[in-house]
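What follows is the content of start_8.pdb, which has PDB, C-alpha atoms:
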ATOM      1  CA  MET H   1    -248.886 -85.350 -95.527
ATOM      2  CA  PRO H   2    -245.798 -84.012 -93.717
ATOM      3  CA  ALA H   3    -243.707 -81.292 -95.311
ATOM      4  CA  PRO H   4    -240.625 -82.577 -97.095
ATOM      5  CA  LYS H   5    -237.460 -82.473 -95.039
ATOM      6  CA  LYS H   6    -234.965 -79.786 -95.866
ATOM      7  CA  PRO H   7    -231.790 -81.351 -97.278
ATOM      8  CA  ALA H   8    -228.968 -81.461 -94.767
ATOM      9  CA  GLN H   9    -226.136 -79.035 -95.359
ATOM     10  CA  SER H  10    -223.469 -80.779 -97.385
ATOM     11  CA  ILE H  11    -220.046 -81.203 -95.847
ATOM     12  CA  ASP H  12    -218.591 -78.943 -98.563
ATOM     13  CA  ASP H  13    -221.104 -76.190 -97.750
ATOM     14  CA  PHE H  14    -220.316 -76.603 -94.067
ATOM     15  CA  LEU H  15    -216.561 -76.452 -94.578
ATOM     16  CA  ASN H  16    -216.836 -73.426 -96.874
ATOM     17  CA  SER H  17    -218.971 -71.436 -94.447
ATOM     18  CA  GLU H  18    -217.474 -68.890 -92.096
ATOM     19  CA  PHE H  19    -218.458 -67.827 -88.623
ATOM     20  CA  SER H  20    -220.495 -64.676 -88.444
ATOM     21  CA  ILE H  21    -219.629 -61.749 -86.238
ATOM     22  CA  PRO H  22    -221.792 -61.961 -83.121
ATOM     23  CA  ASN H  23    -224.035 -59.189 -81.894
ATOM     24  CA  ILE H  24    -221.517 -56.550 -80.766
ATOM     25  CA  GLN H  25    -224.160 -55.039 -78.477
ATOM     26  CA  LYS H  26    -223.881 -58.164 -76.286
ATOM     27  CA  LEU H  27    -220.187 -57.598 -75.581
ATOM     28  CA  PRO H  28    -219.440 -56.479 -72.013
ATOM     29  CA  ILE H  29    -217.762 -53.247 -73.107
ATOM     30  CA  GLU H  30    -218.510 -49.559 -72.694
ATOM     31  CA  ALA H  31    -221.192 -48.277 -75.045
ATOM     32  CA  GLN H  32    -218.747 -45.695 -76.419
ATOM     33  CA  ALA H  33    -216.381 -48.473 -77.535
ATOM     34  CA  VAL H  34    -219.015 -50.316 -79.581
ATOM     35  CA  SER H  35    -218.829 -47.958 -82.567
ATOM     36  CA  ILE H  36    -215.024 -48.146 -82.541
ATOM     37  CA  ILE H  37    -215.128 -51.961 -82.487
ATOM     38  CA  GLU H  38    -217.665 -51.989 -85.324
ATOM     39  CA  SER H  39    -215.527 -49.555 -87.320
ATOM     40  CA  ARG H  40    -212.412 -51.692 -86.882
ATOM     41  CA  LEU H  41    -214.294 -54.831 -87.895
ATOM     42  CA  ASN H  42    -215.499 -53.059 -91.044
ATOM     43  CA  GLU H  43    -211.972 -51.849 -91.724
ATOM     44  CA  ALA H  44    -210.654 -55.399 -91.287
ATOM     45  CA  ARG H  45    -213.179 -56.629 -93.877
ATOM     46  CA  THR H  46    -212.081 -53.868 -96.243
ATOM     47  CA  ALA H  47    -208.406 -54.678 -95.684
ATOM     48  CA  MET H  48    -209.060 -58.360 -96.355
ATOM     49  CA  GLY H  49    -210.870 -57.536 -99.593
ATOM     50  CA  ALA H  50    -208.006 -55.279-100.676
ATOM     51  CA  GLY H  51    -205.408 -57.962-100.044
ATOM     52  CA  ALA H  52    -203.941 -56.104 -97.054
ATOM     53  CA  TYR H  53    -203.575 -59.281 -95.032
ATOM     54  CA  LEU H  54    -201.110 -58.011 -92.460
ATOM     55  CA  SER H  55    -203.378 -55.026 -91.782
ATOM     56  CA  THR H  56    -206.301 -57.406 -91.344
ATOM     57  CA  ILE H  57    -204.347 -59.328 -88.718
ATOM     58  CA  PHE H  58    -203.359 -56.138 -86.885
ATOM     59  CA  LEU H  59    -206.998 -55.056 -86.744
ATOM     60  CA  CYS H  60    -208.128 -58.475 -85.511
ATOM     61  CA  GLY H  61    -205.569 -58.335 -82.703
ATOM     62  CA  SER H  62    -206.585 -54.777 -81.876
ATOM     63  CA  VAL H  63    -210.260 -55.699 -81.615
ATOM     64  CA  LEU H  64    -209.509 -58.744 -79.471
ATOM     65  CA  GLU H  65    -207.401 -56.684 -77.081
ATOM     66  CA  ALA H  66    -210.015 -53.907 -76.891
ATOM     67  CA  VAL H  67    -212.836 -56.331 -76.160
ATOM     68  CA  LEU H  68    -210.907 -58.183 -73.456
ATOM     69  CA  LEU H  69    -209.820 -54.886 -71.868
ATOM     70  CA  GLY H  70    -213.427 -53.685 -71.996
ATOM     71  CA  ALA H  71    -214.620 -56.888 -70.339
ATOM     72  CA  ALA H  72    -211.972 -56.478 -67.628
ATOM     73  CA  GLN H  73    -213.038 -52.887 -67.004
ATOM     74  CA  LYS H  74    -216.676 -53.977 -66.692
ATOM     75  CA  GLU H  75    -215.825 -56.693 -64.138
ATOM     76  CA  PRO H  76    -212.478 -55.765 -62.578
ATOM     77  CA  ALA H  77    -212.858 -58.050 -59.571
ATOM     78  CA  ARG H  78    -213.417 -61.072 -61.832
ATOM     79  CA  PHE H  79    -210.183 -60.358 -63.714
ATOM     80  CA  ASN H  80    -208.126 -59.260 -60.716
ATOM     81  CA  ARG H  81    -208.997 -62.403 -58.704
ATOM     82  CA  ALA H  82    -207.660 -64.736 -61.381
ATOM     83  CA  SER H  83    -204.424 -66.502 -60.507
ATOM     84  CA  ALA H  84    -203.160 -65.668 -64.021
ATOM     85  CA  SER H  85    -203.564 -61.917 -63.468
ATOM     86  CA  PRO H  86    -200.167 -60.212 -63.809
ATOM     87  CA  LYS H  87    -198.612 -59.026 -60.579
ATOM     88  CA  ALA H  88    -196.379 -56.084 -59.754
ATOM     89  CA  THR H  89    -193.181 -56.596 -57.767
ATOM     90  CA  ASP H  90    -195.087 -55.892 -54.520
ATOM     91  CA  GLY H  91    -197.543 -58.723 -55.308
ATOM     92  CA  SER H  92    -200.487 -56.488 -56.202
ATOM     93  CA  VAL H  93    -202.323 -56.972 -59.485
ATOM     94  CA  LYS H  94    -201.083 -54.652 -62.206
ATOM     95  CA  ARG H  95    -203.411 -52.005 -63.614
ATOM     96  CA  PHE H  96    -205.176 -53.112 -66.797
ATOM     97  CA  HIS H  97    -203.286 -50.689 -69.042
ATOM     98  CA  GLU H  98    -200.099 -52.567 -68.041
ATOM     99  CA  TRP H  99    -201.420 -55.971 -69.113
ATOM    100  CA  SER H 100    -200.334 -57.611 -72.349
ATOM    101  CA  LEU H 101    -202.743 -59.231 -74.770
ATOM    102  CA  ALA H 102    -201.330 -62.622 -73.724
ATOM    103  CA  GLN H 103    -202.260 -61.882 -70.113
ATOM    104  CA  PHE H 104    -205.768 -60.736 -71.056
ATOM    105  CA  ILE H 105    -206.274 -63.958 -73.036
ATOM    106  CA  ASP H 106    -205.096 -66.180 -70.167
ATOM    107  CA  VAL H 107    -207.161 -64.371 -67.542
ATOM    108  CA  ALA H 108    -210.257 -64.231 -69.769
ATOM    109  CA  CYS H 109    -210.061 -68.007 -70.108
ATOM    110  CA  GLU H 110    -209.598 -68.513 -66.374
ATOM    111  CA  ALA H 111    -212.545 -66.164 -65.755
ATOM    112  CA  GLY H 112    -214.709 -68.229 -68.113
ATOM    113  CA  LEU H 113    -215.049 -65.679 -70.911
ATOM    114  CA  LEU H 114    -212.965 -67.657 -73.401
ATOM    115  CA  LYS H 115    -213.073 -71.404 -73.866
ATOM    116  CA  PRO H 116    -209.724 -73.248 -73.834
ATOM    117  CA  ASP H 117    -209.738 -73.805 -77.597
ATOM    118  CA  VAL H 118    -210.295 -70.123 -78.296
ATOM    119  CA  LYS H 119    -207.600 -69.269 -75.756
ATOM    120  CA  LYS H 120    -205.059 -71.346 -77.672
ATOM    121  CA  PHE H 121    -206.077 -69.996 -81.070
ATOM    122  CA  SER H 122    -206.136 -66.434 -79.679
ATOM    123  CA  HIS H 123    -202.493 -66.796 -78.716
ATOM    124  CA  GLY H 124    -201.806 -67.667 -82.366
ATOM    125  CA  LEU H 125    -203.633 -64.520 -83.476
ATOM    126  CA  ARG H 126    -201.571 -62.576 -80.921
ATOM    127  CA  ASP H 127    -198.349 -64.042 -82.317
ATOM    128  CA  PHE H 128    -199.221 -62.839 -85.832
ATOM    129  CA  ARG H 129    -200.444 -59.479 -84.511
ATOM    130  CA  ASN H 130    -196.959 -59.047 -83.049
ATOM    131  CA  TYR H 131    -195.683 -58.717 -86.634
ATOM    132  CA  ILE H 132    -196.621 -55.079 -86.106
ATOM    133  CA  HIS H 133    -192.972 -54.993 -85.005
ATOM    134  CA  PRO H 134    -191.057 -55.462 -88.286
ATOM    135  CA  TYR H 135    -188.209 -57.283 -86.569
ATOM    136  CA  GLU H 136    -190.633 -59.935 -85.281
ATOM    137  CA  GLN H 137    -191.640 -60.668 -88.854
ATOM    138  CA  MET H 138    -188.044 -60.505 -90.074
ATOM    139  CA  LEU H 139    -186.934 -63.016 -87.440
ATOM    140  CA  SER H 140    -189.714 -65.421 -88.375
ATOM    141  CA  GLY H 141    -189.056 -65.145 -92.098
ATOM    142  CA  PHE H 142    -192.810 -65.484 -92.718
ATOM    143  CA  THR H 143    -195.222 -63.181 -94.513
ATOM    144  CA  PRO H 144    -198.907 -63.759 -93.702
ATOM    145  CA  ASP H 145    -201.150 -64.333 -96.690
ATOM    146  CA  GLN H 146    -204.887 -64.587 -97.283
ATOM    147  CA  HIS H 147    -205.107 -67.927 -95.472
ATOM    148  CA  THR H 148    -203.353 -66.577 -92.385
ATOM    149  CA  ALA H 149    -205.587 -63.501 -92.311
ATOM    150  CA  LYS H 150    -208.765 -65.564 -92.723
ATOM    151  CA  VAL H 151    -207.753 -67.892 -89.907
ATOM    152  CA  CYS H 152    -207.035 -64.905 -87.661
ATOM    153  CA  PHE H 153    -210.408 -63.350 -88.518
ATOM    154  CA  GLN H 154    -212.188 -66.622 -87.721
ATOM    155  CA  VAL H 155    -210.372 -66.806 -84.366
ATOM    156  CA  LEU H 156    -211.512 -63.260 -83.589
ATOM    157  CA  LYS H 157    -215.113 -64.146 -84.464
ATOM    158  CA  ALA H 158    -214.981 -67.202 -82.192
ATOM    159  CA  ALA H 159    -213.523 -65.109 -79.363
ATOM    160  CA  LEU H 160    -216.192 -62.445 -79.811
ATOM    161  CA  ALA H 161    -218.891 -65.146 -79.758
ATOM    162  CA  ASN H 162    -217.412 -66.465 -76.481
ATOM    163  CA  VAL H 163    -217.288 -63.050 -74.838
ATOM    164  CA  ALA H 164    -220.772 -62.128 -76.097
ATOM    165  CA  GLY H 165    -222.153 -65.361 -74.607
ATOM    166  CA  GLU H 166    -223.246 -66.669 -77.999
ATOM    167  CA  ARG H 167    -221.094 -69.798 -77.913
ATOM    168  CA  LYS H 168    -222.249 -72.350 -75.424
TER     169      LYS H 168
END

Can you turn what I pasted into structure tokens?
Amino acid sequence: MPAPKKPAQSIDDFLNSEFSIPNIQKLPIEAQAVSIIESRLNEARTAMGAGAYLSTIFLCGSVLEAVLLGAAQKEPARFNRASASPKATDGSVKRFHEWSLAQFIDVACEAGLLKPDVKKFSHGLRDFRNYIHPYEQMLSGFTPDQHTAKVCFQVLKAALANVAGERK
């Protein structure tokens, strides 16, 4: 007699589940940066639990930028060849430390590290991360809450899964 089938996950269980953080060791970043990334992810979890939603968003943006910079440093030719790579006035590609997070996101997508959906959502995370400048937040008239922070954290997890090669 065959074993009974496991009940399918209910739609409510599915919708209430969150993405997990992928294996950080699979990220194409320097080994020295791994512990810093892990520390910031832990700090983001702590901030979320403490209700420090803006801090959570800042940390998510910081991790995303660090991981994309690390990936660019591991494969500079891949990033520098992209048509979206930012150019200096003489037409040469700018040095990575001069790139913005928006530029890293666009180039990472063109280079195949981020899927188009994650690219678009990552720009949303970047927009909220820019509230690190108080006047940006003042101009928007919006204060991120738990929902905003959770969405940003989920976007980061999806981006990390893309970069780690865990999202096919």

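Atom pair atom CA of Arg95 of chain H / atom CA of Asn23 of chain H: separated by 28.5 Å.
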
Leaving out segment 117-132 of chain H and any residue of its chain fewer than 2 positions from it, which residues lie within 7 Å of it when counting all atoms listed in the file, given as a CSV table (one decimal) with C-alpha atoms, in the frame of the given file?
chain,number,residue,atom,x,y,z
H,57,ILE,CA,-204.3,-59.3,-88.7
H,58,PHE,CA,-203.4,-56.1,-86.9
H,61,GLY,CA,-205.6,-58.3,-82.7
H,102,ALA,CA,-201.3,-62.6,-73.7
H,105,ILE,CA,-206.3,-64.0,-73.0
H,106,ASP,CA,-205.1,-66.2,-70.2
H,109,CYS,CA,-210.1,-68.0,-70.1
H,114,LEU,CA,-213.0,-67.7,-73.4
H,115,LYS,CA,-213.1,-71.4,-73.9
H,134,PRO,CA,-191.1,-55.5,-88.3
H,136,GLU,CA,-190.6,-59.9,-85.3
H,137,GLN,CA,-191.6,-60.7,-88.9
H,152,CYS,CA,-207.0,-64.9,-87.7
H,155,VAL,CA,-210.4,-66.8,-84.4
H,158,ALA,CA,-215.0,-67.2,-82.2
H,159,ALA,CA,-213.5,-65.1,-79.4

### Task
Given the file shown, determine the residues that the PyMOL selection byres ((chain H and resi 24-30) around 9) selects; report them as a ChimeraX atom specification.
/H:21-23,31-34,37-38,66-75,160-161,163-166

### Query
What is the atom CA of Asn162 of chain H to atom CA of Val63 of chain H distance in Å?
13.9 Å

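Between atom CA of Arg40 of chain H and atom CA of Lys150 of chain H the interatomic distance comes to 15.5 Å.
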
Can you translate the PyMOL selection byres ((chain H and resi 93) around 12) into the concrete residues it hits in this file, as a short mmCIF file (atom, residue, chain, number, x, y, z; two decimals) with C-alpha atoms, in the frame of the given file?
data_model
loop_
_atom_site.label_atom_id
_atom_site.label_comp_id
_atom_site.auth_asym_id
_atom_site.auth_seq_id
_atom_site.Cartn_x
_atom_site.Cartn_y
_atom_site.Cartn_z
CA PRO H 76 -212.48 -55.76 -62.58
CA ALA H 77 -212.86 -58.05 -59.57
CA PHE H 79 -210.18 -60.36 -63.71
CA ASN H 80 -208.13 -59.26 -60.72
CA ARG H 81 -209.00 -62.40 -58.70
CA ALA H 82 -207.66 -64.74 -61.38
CA SER H 83 -204.42 -66.50 -60.51
CA ALA H 84 -203.16 -65.67 -64.02
CA SER H 85 -203.56 -61.92 -63.47
CA PRO H 86 -200.17 -60.21 -63.81
CA LYS H 87 -198.61 -59.03 -60.58
CA ALA H 88 -196.38 -56.08 -59.75
CA THR H 89 -193.18 -56.60 -57.77
CA ASP H 90 -195.09 -55.89 -54.52
CA GLY H 91 -197.54 -58.72 -55.31
CA SER H 92 -200.49 -56.49 -56.20
CA LYS H 94 -201.08 -54.65 -62.21
CA ARG H 95 -203.41 -52.00 -63.61
CA PHE H 96 -205.18 -53.11 -66.80
CA HIS H 97 -203.29 -50.69 -69.04
CA GLU H 98 -200.10 -52.57 -68.04
CA TRP H 99 -201.42 -55.97 -69.11
CA GLN H 103 -202.26 -61.88 -70.11
CA VAL H 107 -207.16 -64.37 -67.54
#
